[in-house]
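Below is the file work20.txt, which contains compact mmCIF, C-alpha atoms and all ligand atoms.
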# COMPACT_ATOMS: atom_id res chain seq x y z
CA MET A 1 62.48 -66.40 -89.33
CA SER A 2 63.22 -69.79 -87.75
CA THR A 3 63.71 -67.98 -84.44
CA ILE A 4 60.13 -66.69 -84.63
CA THR A 5 58.05 -69.53 -83.23
CA CYS A 6 55.21 -67.77 -81.43
CA ILE A 7 53.28 -64.49 -81.33
CA GLU A 8 55.36 -63.34 -78.37
CA ASP A 9 58.49 -63.47 -80.59
CA LEU A 10 56.78 -61.18 -83.08
CA ARG A 11 55.80 -58.82 -80.26
CA ARG A 12 59.38 -58.56 -79.03
CA LEU A 13 60.73 -57.89 -82.51
CA ALA A 14 58.03 -55.29 -83.21
CA LYS A 15 58.94 -53.51 -79.99
CA ARG A 16 62.50 -53.16 -81.27
CA ARG A 17 61.48 -51.98 -84.75
CA VAL A 18 58.40 -49.76 -84.36
CA PRO A 19 58.71 -46.20 -83.00
CA LYS A 20 57.78 -46.17 -79.35
CA MET A 21 54.67 -44.01 -79.71
CA PHE A 22 53.12 -46.43 -82.25
CA TYR A 23 54.26 -49.61 -80.53
CA ASP A 24 52.77 -48.30 -77.28
CA TYR A 25 49.57 -47.29 -79.10
CA ALA A 26 49.11 -50.93 -80.10
CA ASP A 27 50.36 -52.59 -76.97
CA SER A 28 48.28 -50.79 -74.39
CA GLY A 29 44.88 -50.80 -72.77
CA ALA A 30 42.71 -48.26 -70.98
CA TRP A 31 43.61 -46.92 -67.52
CA THR A 32 44.98 -49.71 -65.30
CA GLU A 33 44.93 -52.14 -68.24
CA SER A 34 43.16 -54.73 -66.06
CA THR A 35 40.74 -55.70 -68.84
CA TYR A 36 43.57 -55.79 -71.36
CA ARG A 37 45.42 -58.31 -69.16
CA ALA A 38 42.23 -60.23 -68.27
CA ASN A 39 41.46 -60.86 -71.95
CA GLN A 40 44.57 -63.02 -72.19
CA THR A 41 44.61 -64.64 -68.74
CA ALA A 42 40.96 -65.73 -69.03
CA PHE A 43 41.88 -67.86 -72.04
CA GLU A 44 44.60 -69.62 -70.06
CA GLU A 45 42.05 -70.69 -67.44
CA ILE A 46 40.18 -72.76 -70.01
CA LYS A 47 41.65 -76.27 -70.08
CA PHE A 48 41.49 -78.89 -72.80
CA ARG A 49 40.80 -82.60 -72.42
CA GLN A 50 43.74 -84.40 -74.01
CA ARG A 51 42.67 -87.49 -75.96
CA VAL A 52 44.85 -90.30 -77.30
CA MET A 53 44.72 -93.25 -79.71
CA VAL A 54 42.12 -91.73 -81.99
CA ASP A 55 42.64 -91.31 -85.72
CA MET A 56 43.92 -87.74 -86.13
CA ASP A 57 45.00 -88.03 -89.73
CA ASP A 58 43.74 -85.72 -92.48
CA ARG A 59 42.53 -82.72 -90.49
CA ARG A 60 40.30 -79.85 -91.56
CA LEU A 61 40.31 -76.27 -90.30
CA THR A 62 38.17 -74.66 -92.99
CA SER A 63 35.00 -72.93 -91.94
CA GLU A 64 32.56 -70.19 -92.94
CA MET A 65 32.22 -66.66 -91.59
CA LEU A 66 29.26 -64.63 -92.88
CA GLY A 67 28.79 -67.12 -95.70
CA GLN A 68 32.41 -66.71 -96.79
CA GLN A 69 34.75 -69.72 -96.96
CA VAL A 70 37.70 -69.21 -94.59
CA SER A 71 40.78 -71.40 -94.31
CA MET A 72 40.42 -71.26 -90.51
CA PRO A 73 37.91 -69.45 -88.28
CA VAL A 74 40.14 -66.40 -87.81
CA ALA A 75 39.85 -62.87 -89.21
CA LEU A 76 41.95 -59.72 -88.89
CA ALA A 77 40.27 -57.16 -86.65
CA PRO A 78 40.05 -53.51 -87.68
CA THR A 79 42.89 -51.52 -86.16
CA GLY A 80 43.48 -47.80 -86.51
CA LEU A 81 46.84 -46.34 -87.60
CA THR A 82 47.99 -49.71 -88.92
CA GLY A 83 50.02 -47.90 -91.55
CA MET A 84 52.07 -46.45 -88.70
CA GLN A 85 53.17 -49.89 -87.45
CA HIS A 86 54.77 -50.31 -90.88
CA ALA A 87 54.56 -48.20 -94.03
CA ASP A 88 51.49 -49.21 -96.09
CA GLY A 89 50.51 -51.49 -93.21
CA GLU A 90 46.87 -51.97 -94.19
CA ILE A 91 47.80 -52.99 -97.73
CA LEU A 92 50.41 -55.45 -96.47
CA ALA A 93 48.08 -56.96 -93.89
CA ALA A 94 45.22 -57.24 -96.40
CA ARG A 95 47.51 -59.06 -98.84
CA ALA A 96 48.76 -61.45 -96.17
CA ALA A 97 45.16 -62.17 -95.08
CA GLU A 98 44.11 -62.81 -98.67
CA LYS A 99 47.01 -65.24 -99.18
CA ALA A 100 46.12 -67.03 -95.95
CA GLY A 101 42.42 -67.25 -96.88
CA VAL A 102 41.09 -65.25 -93.93
CA PRO A 103 39.03 -62.02 -93.89
CA PHE A 104 40.70 -58.64 -93.46
CA THR A 105 38.81 -55.71 -91.91
CA LEU A 106 39.86 -52.16 -92.72
CA SER A 107 39.34 -49.55 -89.99
CA THR A 108 37.77 -46.15 -90.61
CA MET A 109 40.92 -44.81 -88.90
CA SER A 110 43.30 -46.48 -91.34
CA ILE A 111 46.28 -44.83 -93.00
CA CYS A 112 45.75 -46.55 -96.37
CA SER A 113 42.33 -45.65 -97.76
CA ILE A 114 39.49 -47.98 -98.74
CA GLU A 115 40.44 -47.42 -102.38
CA ASP A 116 44.17 -48.07 -101.74
CA VAL A 117 43.38 -51.46 -100.20
CA ALA A 118 40.80 -52.37 -102.86
CA GLU A 119 43.42 -51.76 -105.53
CA ALA A 120 45.98 -53.99 -103.78
CA VAL A 121 43.86 -57.11 -103.25
CA SER A 122 41.72 -59.20 -105.54
CA LYS A 123 39.09 -60.49 -103.10
CA PRO A 124 36.57 -58.40 -101.14
CA PHE A 125 37.55 -57.27 -97.65
CA TRP A 126 35.38 -55.97 -94.78
CA PHE A 127 35.07 -52.35 -93.74
CA GLN A 128 34.70 -51.10 -90.16
CA LEU A 129 32.65 -47.98 -89.59
CA TYR A 130 32.91 -45.38 -86.84
CA VAL A 131 29.94 -43.07 -86.83
CA MET A 132 30.95 -39.42 -86.97
CA ARG A 133 28.77 -36.42 -86.18
CA ASP A 134 28.82 -35.48 -89.85
CA ARG A 135 26.27 -38.00 -91.16
CA ASP A 136 26.90 -37.02 -94.78
CA PHE A 137 30.47 -38.14 -94.29
CA VAL A 138 29.28 -41.45 -92.78
CA ILE A 139 27.03 -41.97 -95.79
CA ASP A 140 30.00 -41.20 -98.03
CA LEU A 141 32.14 -43.80 -96.21
CA ILE A 142 29.43 -46.44 -96.58
CA ASP A 143 29.08 -45.66 -100.28
CA ARG A 144 32.85 -45.77 -100.79
CA ALA A 145 33.06 -49.16 -99.07
CA LYS A 146 30.29 -50.43 -101.30
CA ALA A 147 31.92 -49.02 -104.45
CA ALA A 148 35.21 -50.68 -103.43
CA GLY A 149 33.44 -54.05 -103.28
CA CYS A 150 33.65 -54.57 -99.50
CA SER A 151 31.57 -57.62 -98.63
CA ALA A 152 30.61 -56.76 -95.04
CA LEU A 153 30.21 -53.62 -92.96
CA MET A 154 31.29 -53.76 -89.32
CA LEU A 155 29.76 -51.12 -87.10
CA THR A 156 31.81 -50.53 -83.97
CA ALA A 157 29.49 -49.74 -81.10
CA ASP A 158 31.88 -49.31 -78.19
CA LEU A 159 33.99 -46.30 -79.07
CA GLN A 160 31.80 -43.25 -79.41
CA ILE A 161 33.75 -41.93 -76.43
CA LEU A 162 37.43 -42.77 -76.17
CA GLY A 163 38.79 -44.70 -73.19
CA GLN A 164 41.93 -43.11 -71.81
CA ARG A 165 45.26 -44.76 -72.55
CA HIS A 166 48.01 -43.24 -70.45
CA LYS A 167 50.83 -44.10 -72.82
CA ASP A 168 49.27 -42.23 -75.76
CA LEU A 169 48.99 -39.09 -73.65
CA LYS A 170 52.49 -39.43 -72.25
CA ASN A 171 53.99 -40.09 -75.68
CA GLY A 172 52.04 -37.21 -77.26
CA LEU A 173 50.72 -39.49 -80.01
CA THR A 174 50.55 -37.68 -83.35
CA VAL A 175 50.14 -38.85 -86.94
CA PRO A 176 52.67 -38.45 -88.46
CA PRO A 177 54.94 -38.20 -85.39
CA ASN A 178 55.95 -34.73 -84.26
CA LEU A 179 59.69 -34.41 -84.51
CA THR A 180 60.75 -33.63 -80.96
CA PRO A 181 64.22 -34.47 -79.57
CA ALA A 182 62.71 -37.58 -77.92
CA THR A 183 61.00 -38.87 -81.09
CA LEU A 184 64.06 -38.08 -83.23
CA LEU A 185 66.25 -40.06 -80.85
CA ASP A 186 63.81 -42.94 -80.97
CA LEU A 187 63.46 -42.82 -84.77
CA ALA A 188 67.24 -42.92 -85.13
CA THR A 189 67.15 -46.46 -83.76
CA LYS A 190 64.19 -47.49 -85.95
CA TRP A 191 65.87 -47.06 -89.36
CA ARG A 192 63.94 -49.85 -91.12
CA TRP A 193 60.67 -48.17 -90.21
CA CYS A 194 62.00 -44.77 -91.34
CA PHE A 195 63.25 -46.06 -94.72
CA ALA A 196 59.97 -47.80 -95.48
CA MET A 197 58.00 -44.73 -94.39
CA ALA A 198 60.15 -42.48 -96.57
CA ARG A 199 59.12 -44.57 -99.61
CA THR A 200 55.37 -44.20 -99.15
CA LYS A 201 53.06 -41.23 -99.51
CA ARG A 202 50.51 -42.73 -97.13
CA ARG A 203 51.28 -41.04 -93.84
CA THR A 204 47.96 -39.74 -92.63
CA PHE A 205 44.37 -40.95 -92.29
CA GLY A 206 43.53 -42.13 -95.80
CA ASN A 207 39.75 -42.29 -95.33
CA ILE A 208 39.20 -39.08 -93.48
CA ALA A 209 41.95 -36.62 -94.42
CA GLY A 210 40.41 -34.05 -96.69
CA HIS A 211 36.97 -34.54 -95.14
CA VAL A 212 37.68 -33.77 -91.52
CA LYS A 213 39.56 -30.68 -90.39
CA ASP A 214 42.72 -31.38 -88.36
CA ALA A 215 42.62 -35.10 -89.11
CA THR A 216 46.40 -35.11 -89.16
CA ASP A 217 46.80 -33.74 -85.67
CA LEU A 218 46.19 -36.37 -83.06
CA SER A 219 48.16 -34.55 -80.41
CA SER A 220 45.06 -34.90 -78.34
CA LEU A 221 43.39 -38.05 -79.60
CA SER A 222 40.67 -37.85 -76.96
CA LYS A 223 39.75 -34.24 -77.82
CA TRP A 224 39.82 -35.04 -81.52
CA THR A 225 37.59 -38.09 -81.09
CA ALA A 226 35.23 -36.13 -78.86
CA SER A 227 34.84 -33.51 -81.57
CA GLN A 228 34.30 -35.97 -84.46
CA PHE A 229 32.70 -39.17 -83.13
CA ASP A 230 29.01 -39.04 -82.35
CA PRO A 231 28.32 -40.00 -78.72
CA SER A 232 24.58 -39.95 -79.40
CA LEU A 233 24.81 -43.06 -81.63
CA SER A 234 21.87 -45.36 -80.82
CA TRP A 235 20.13 -48.51 -82.05
CA ASP A 236 17.89 -46.35 -84.25
CA ASP A 237 20.95 -45.38 -86.27
CA VAL A 238 21.68 -49.03 -87.02
CA LYS A 239 18.49 -49.21 -89.10
CA TRP A 240 19.43 -46.42 -91.50
CA ILE A 241 23.04 -47.60 -91.66
CA LYS A 242 21.83 -51.10 -92.54
CA ALA A 243 19.41 -49.72 -95.14
CA ARG A 244 22.10 -47.57 -96.74
CA TRP A 245 24.63 -50.42 -96.72
CA ASN A 246 22.16 -53.03 -97.87
CA GLY A 247 24.53 -55.95 -97.21
CA PRO A 248 25.87 -58.10 -94.36
CA LEU A 249 26.23 -56.06 -91.16
CA ILE A 250 28.37 -57.01 -88.16
CA ILE A 251 28.02 -55.17 -84.85
CA LYS A 252 31.23 -55.09 -82.84
CA GLY A 253 31.63 -54.38 -79.16
CA VAL A 254 28.68 -56.25 -77.69
CA MET A 255 29.39 -57.68 -74.23
CA GLU A 256 25.92 -58.14 -72.70
CA PRO A 257 23.03 -60.37 -73.84
CA GLU A 258 20.55 -57.44 -73.79
CA ASP A 259 22.72 -55.53 -76.23
CA ALA A 260 23.20 -58.60 -78.40
CA GLU A 261 19.41 -58.95 -78.64
CA ARG A 262 19.03 -55.26 -79.57
CA ALA A 263 21.76 -55.67 -82.18
CA VAL A 264 20.02 -58.61 -83.82
CA ASP A 265 16.63 -56.87 -83.65
CA ALA A 266 18.23 -53.85 -85.34
CA GLY A 267 19.39 -56.03 -88.23
CA ALA A 268 22.86 -57.34 -87.36
CA ASP A 269 23.86 -60.44 -89.29
CA ALA A 270 26.63 -61.13 -86.79
CA VAL A 271 27.89 -59.71 -83.51
CA ILE A 272 31.40 -59.58 -82.10
CA VAL A 273 31.75 -60.05 -78.37
CA SER A 274 34.48 -57.53 -77.75
CA ASN A 275 35.71 -55.00 -75.22
CA HIS A 276 37.89 -53.38 -77.86
CA GLY A 277 40.94 -55.32 -76.73
CA GLY A 278 40.72 -53.77 -73.25
CA ARG A 279 41.14 -50.29 -74.70
CA GLN A 280 37.79 -48.86 -73.60
CA LEU A 281 36.04 -49.81 -70.34
CA ASP A 282 38.79 -50.80 -67.94
CA GLY A 283 37.23 -53.18 -65.43
CA ALA A 284 34.97 -54.89 -67.97
CA CYS A 285 35.25 -58.67 -67.88
CA ALA A 286 37.36 -60.58 -70.37
CA SER A 287 35.55 -60.94 -73.67
CA ILE A 288 35.83 -64.74 -73.65
CA GLU A 289 33.98 -64.70 -70.29
CA ALA A 290 31.17 -62.68 -71.86
CA LEU A 291 30.79 -65.06 -74.80
CA PRO A 292 28.55 -67.79 -73.28
CA ASP A 293 25.80 -65.36 -72.18
CA VAL A 294 25.72 -63.70 -75.59
CA LEU A 295 25.61 -67.08 -77.30
CA GLN A 296 22.73 -68.18 -75.14
CA ALA A 297 20.82 -65.00 -75.99
CA VAL A 298 21.35 -64.80 -79.76
CA GLY A 299 23.41 -67.78 -80.85
CA SER A 300 20.47 -69.40 -82.60
CA ARG A 301 19.61 -66.22 -84.51
CA THR A 302 22.98 -64.90 -85.62
CA GLU A 303 26.68 -65.63 -85.95
CA VAL A 304 28.64 -64.78 -82.84
CA TYR A 305 32.35 -63.98 -82.97
CA VAL A 306 34.74 -62.99 -80.21
CA ASP A 307 37.93 -60.97 -80.01
CA GLY A 308 40.35 -59.81 -77.34
CA GLY A 309 43.34 -61.67 -75.99
CA VAL A 310 43.64 -64.37 -78.66
CA ARG A 311 47.38 -65.07 -78.80
CA SER A 312 47.55 -68.63 -80.09
CA GLY A 313 45.80 -71.36 -82.02
CA GLN A 314 44.89 -72.87 -78.66
CA ASP A 315 42.90 -69.69 -77.90
CA VAL A 316 41.12 -69.97 -81.24
CA LEU A 317 40.19 -73.56 -80.41
CA ARG A 318 38.96 -72.56 -76.93
CA ALA A 319 36.70 -69.86 -78.41
CA VAL A 320 35.34 -72.15 -81.11
CA ALA A 321 34.74 -74.94 -78.58
CA LEU A 322 32.72 -72.48 -76.49
CA GLY A 323 30.56 -71.78 -79.53
CA ALA A 324 32.11 -68.81 -81.35
CA ARG A 325 31.76 -68.99 -85.14
CA GLY A 326 35.18 -67.37 -85.42
CA VAL A 327 37.65 -65.07 -83.70
CA PHE A 328 39.25 -61.77 -84.63
CA ILE A 329 42.85 -60.96 -83.86
CA GLY A 330 44.19 -57.42 -83.46
CA ARG A 331 47.56 -57.06 -81.79
CA PRO A 332 48.99 -60.41 -82.96
CA PHE A 333 48.93 -59.32 -86.60
CA LEU A 334 50.09 -55.79 -85.69
CA TYR A 335 53.13 -57.31 -83.98
CA GLY A 336 53.81 -59.33 -87.12
CA LEU A 337 53.48 -56.25 -89.27
CA GLY A 338 55.76 -54.14 -87.08
CA ALA A 339 58.32 -56.93 -86.89
CA LEU A 340 58.51 -58.06 -90.52
CA GLY A 341 55.91 -56.27 -92.65
CA GLU A 342 53.71 -58.48 -94.84
CA GLU A 343 55.88 -61.51 -94.12
CA GLY A 344 55.30 -60.96 -90.40
CA VAL A 345 51.51 -60.96 -90.79
CA SER A 346 51.80 -64.16 -92.83
CA ARG A 347 54.02 -65.63 -90.13
CA CYS A 348 51.49 -64.65 -87.45
CA LEU A 349 48.72 -66.46 -89.32
CA GLU A 350 50.91 -69.51 -89.99
CA ILE A 351 51.81 -69.76 -86.30
CA ILE A 352 48.16 -69.61 -85.27
CA ARG A 353 47.12 -72.10 -87.96
CA ASN A 354 49.81 -74.58 -86.93
CA GLU A 355 48.95 -74.29 -83.25
CA LEU A 356 45.25 -74.69 -83.99
CA ASP A 357 45.84 -77.74 -86.17
CA ILE A 358 48.05 -79.54 -83.66
CA SER A 359 45.85 -78.66 -80.66
CA LEU A 360 42.77 -79.91 -82.50
CA ALA A 361 44.53 -83.23 -83.12
CA LEU A 362 45.68 -83.53 -79.52
CA CYS A 363 42.08 -83.04 -78.42
CA GLY A 364 41.24 -86.04 -80.59
CA LEU A 365 39.48 -84.20 -83.42
CA ARG A 366 40.03 -84.03 -87.16
CA ASP A 367 37.53 -81.32 -88.09
CA ILE A 368 37.24 -77.91 -86.44
CA ALA A 369 33.48 -78.14 -87.06
CA ASP A 370 33.34 -80.88 -84.40
CA ALA A 371 34.95 -78.72 -81.70
CA ASP A 372 32.53 -78.09 -78.84
CA LEU A 373 32.38 -78.13 -75.05
CA ARG A 374 33.29 -81.84 -75.01
CA ILE A 375 36.95 -80.98 -75.67
CA LEU A 376 37.08 -78.68 -72.62
CA LYS A 377 37.56 -79.68 -69.01
CA PRO A 378 34.28 -79.11 -67.15
CA GLY A 379 34.61 -76.42 -64.52
CA SER A 380 37.43 -74.63 -66.34
CA TYR A 381 35.30 -72.62 -68.74
CA PRO A 382 32.68 -69.88 -68.28
CA LEU A 383 29.03 -70.94 -68.46
CA PRO A 384 25.94 -68.80 -69.21
C1 LIG B 1 41.97 -51.54 -82.17
N1 LIG B 1 40.63 -51.86 -82.26
C2 LIG B 1 39.81 -51.17 -83.13
N2 LIG B 1 38.52 -51.56 -83.30
C3 LIG B 1 37.73 -50.92 -84.20
O1 LIG B 1 36.58 -51.29 -84.33
N3 LIG B 1 38.23 -49.90 -84.95
C4 LIG B 1 39.51 -49.45 -84.82
O2 LIG B 1 39.93 -48.53 -85.51
C5 LIG B 1 40.32 -50.09 -83.86
N4 LIG B 1 41.60 -49.68 -83.65
C6 LIG B 1 42.45 -50.42 -82.88
C7 LIG B 1 43.80 -50.09 -82.82
C8 LIG B 1 44.68 -50.89 -82.10
C9 LIG B 1 46.13 -50.54 -82.08
C10 LIG B 1 44.19 -52.03 -81.42
C11 LIG B 1 45.14 -52.91 -80.66
C12 LIG B 1 42.86 -52.33 -81.45
C13 LIG B 1 40.11 -53.04 -81.55
C14 LIG B 1 40.30 -54.30 -82.38
O3 LIG B 1 39.45 -54.30 -83.48
C15 LIG B 1 40.03 -55.57 -81.56
O4 LIG B 1 38.79 -55.46 -80.94
C16 LIG B 1 41.11 -55.86 -80.53
O5 LIG B 1 42.37 -55.54 -81.03
C17 LIG B 1 41.08 -57.33 -80.14
O6 LIG B 1 42.00 -57.58 -79.14
P1 LIG B 1 43.48 -58.17 -79.37
O7 LIG B 1 43.39 -59.25 -80.41
O8 LIG B 1 44.29 -57.00 -79.84
O9 LIG B 1 43.86 -58.63 -78.03

As a first step, turn the structure in this file into structure tokens.
Ligand code: FNR
Amino acid sequence: MSTITCIEDLRRLAKRRVPKMFYDYADSGAWTESTYRANQTAFEEIKFRQRVMVDMDDRRLTSEMLGQQVSMPVALAPTGLTGMQHADGEILAARAAEKAGVPFTLSTMSICSIEDVAEAVSKPFWFQLYVMRDRDFVIDLIDRAKAAGCSALMLTADLQILGQRHKDLKNGLTVPPNLTPATLLDLATKWRWCFAMARTKRRTFGNIAGHVKDATDLSSLSKWTASQFDPSLSWDDVKWIKARWNGPLIIKGVMEPEDAERAVDAGADAVIVSNHGGRQLDGACASIEALPDVLQAVGSRTEVYVDGGVRSGQDVLRAVALGARGVFIGRPFLYGLGALGEEGVSRCLEIIRNELDISLALCGLRDIADADLRILKPGSYPLP
């Protein structure tokens, strides 16, 4: 563990331990992956102002997201197939998040079900909803999330049609993996993953298996999504979803101020500026670049979060200084999970917390609540 000092170390170890088709599923973006890359490089452009000789003792990273106390303004983003990065992945990640005092969001496309996760943790988690054509099933998912005590519903708005990821097609992504000579050869080198997987029964989509025909066969993820996800989803749907849920609603995948305004008008309590980690519209700008315009449009009316490309505590600080109430991380915790299971997710969160704490101090601040544009070098950050 002492050799793991940054998120990149976790990524490298995960690459060695997770079967290629699932590692690639996590570590890829749509088409040319330009947006995937831009999400990270745009953060690097934003420079801090280093301050010295100020009292940096006794620092505070605690904050609030959707009225919930968080130990730092970071939450785990919903990620599909997390239980394929490591057996029981969603349960392990939810436990690590709970221990670290940050929110965990369970994806509709999870391997462990809503009920599995609820049983494994003691505090409420958040549930992410994809809207399927079968509205009765959507209603059922909302009701299950409510019955499981989920404290926020996150409606993902940017994946009613699936962006193409070359690697998934080339690898013939299936859940569970089809045993071809190539996958068998690969699995033979991933014995830790195989042993852990052999000990769990959770090997298919926990929330949707049983409801949706062929949910286990993702040999053509794009065809499957096209047949199940509802491309006609519109702002009108948000109203009935909100009414049915009757609790805090987050809308994820908003990149433009017009859409942010529609989201808030439709009843969103928070929006996430997100391009789905560069997995959908290749060529979209980096999400951190889209943040200032969205903040200007709705920042006074709702909480605004951002995700995509956060790989360090410095990135968290950059986003918060720009005005985000918090950030979500996807791949960083998946790398931790694939590398070391629950311990790896905890390590990921510890690394980010430590980096955030030290960077805050070096910017001359003691409380994350005081982070704003004054800690950033003018000209280096995006403006509305
Ligand atoms: C995702 N994301 C995602 N989002 C969502 O709303 N529902 C989902 O099921 C998934 N599934 C998913 C799988 C994988 C493997 C990844 C990497 C991402 C998007 C996710 O919530 C988030 O927006 C991005 O991951 C943020 O970017 P970073 O932190 O991964 O760079």

(request) Considering all atoms listed in the file, state which residue in the set A:Gln69, A:Gln85, A:Ser380, A:Ser312 is at the smallest distance from Lys20 in chain A. (result)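 Residue with the minimum atom-to-atom distance to Lys20 in chain A: A:Gln85.
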
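Going from CA of Val316 in chain A to CA of Leu81 in chain A covers 25.1 Å.
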
(message) Let me see if you get this right: every residue at most 7 Å from ligand LIG 1 (chain B), counting all atoms listed in the file, written as a list in words.
(response)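 Result of the 7 Å neighbour search around ligand LIG 1 (chain B): Tyr25, Ala26, Asp27, Asn39, Ala77, Pro78, Thr79, Gly80, Leu81, Ser107, Thr108, Met109, Gln128, Thr156, Lys252, Ser274, Asn275, His276, Gly277, Asp307, Gly308, Gly309, Val310, Phe328, Ile329, Gly330, Arg331 and Pro332 of chain A.
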
(message) Set the distance at 12 Å and use all atoms listed in the file: which residues neighbour Asp136 in chain A once local chain neighbours fewer than 3 positions away are removed? I'd like the list as a VMD selection string.
(response) chain A and resid 131 to 133 139 to 143 211 to 212 241 244

(request) Point out the residue among A:Pro384, A:Gly313, A:Gly163, A:Gly344 with the least atom-to-atom distance to Thr225 in chain A, counting only C-alpha atoms. (result) A:Gly163

(request) Measure the distance from CA of Gly210 in chain A to CA of Trp224 in chain A in Å and round it to one decimal. (result)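 Atom-to-atom, CA of Gly210 in chain A to CA of Trp224 in chain A, that is 15.2 Å.
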
(message) So that I can see what lies close to range 192-197 of chain A, please list as a ChimeraX atom specification the residues with an atom at most 8 Å from it, counting all atoms listed in the file and leaving out residues fewer than 6 positions away in the same chain.
(response) /A:17-19,86-87,203

(request) Could you please determine the separation between CA of Glu119 in chain A and CA of Ile91 in chain A in Å, to one decimal place? (result)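 So the two atoms, CA of Glu119 in chain A and CA of Ile91 in chain A, lie 9.0 Å apart.
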
(message) If we draw a sphere of 9 Å around (37.5, -70.4, -88.7), which residues have at least one atom in it when counting all atoms listed in the file? Please report them as a ChimeraX atom specification.
(response) /A:61-65,69-75,102,316,320,325-327,368-369

(request) Between A:Leu376, A:Leu169, A:Leu92, A:Met53, single out the one closest to Ser28 in chain A, counting only C-alpha atoms. (result) A:Leu169

(request) Name the closest residue to Glu90 in chain A among the candidates A:Ala270, A:Cys285, A:Leu337, A:Leu291; distances are taken between atoms, counting only C-alpha atoms. (result)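 Once distances to Glu90 in chain A are computed over only C-alpha atoms, the minimum belongs to A:Leu337.
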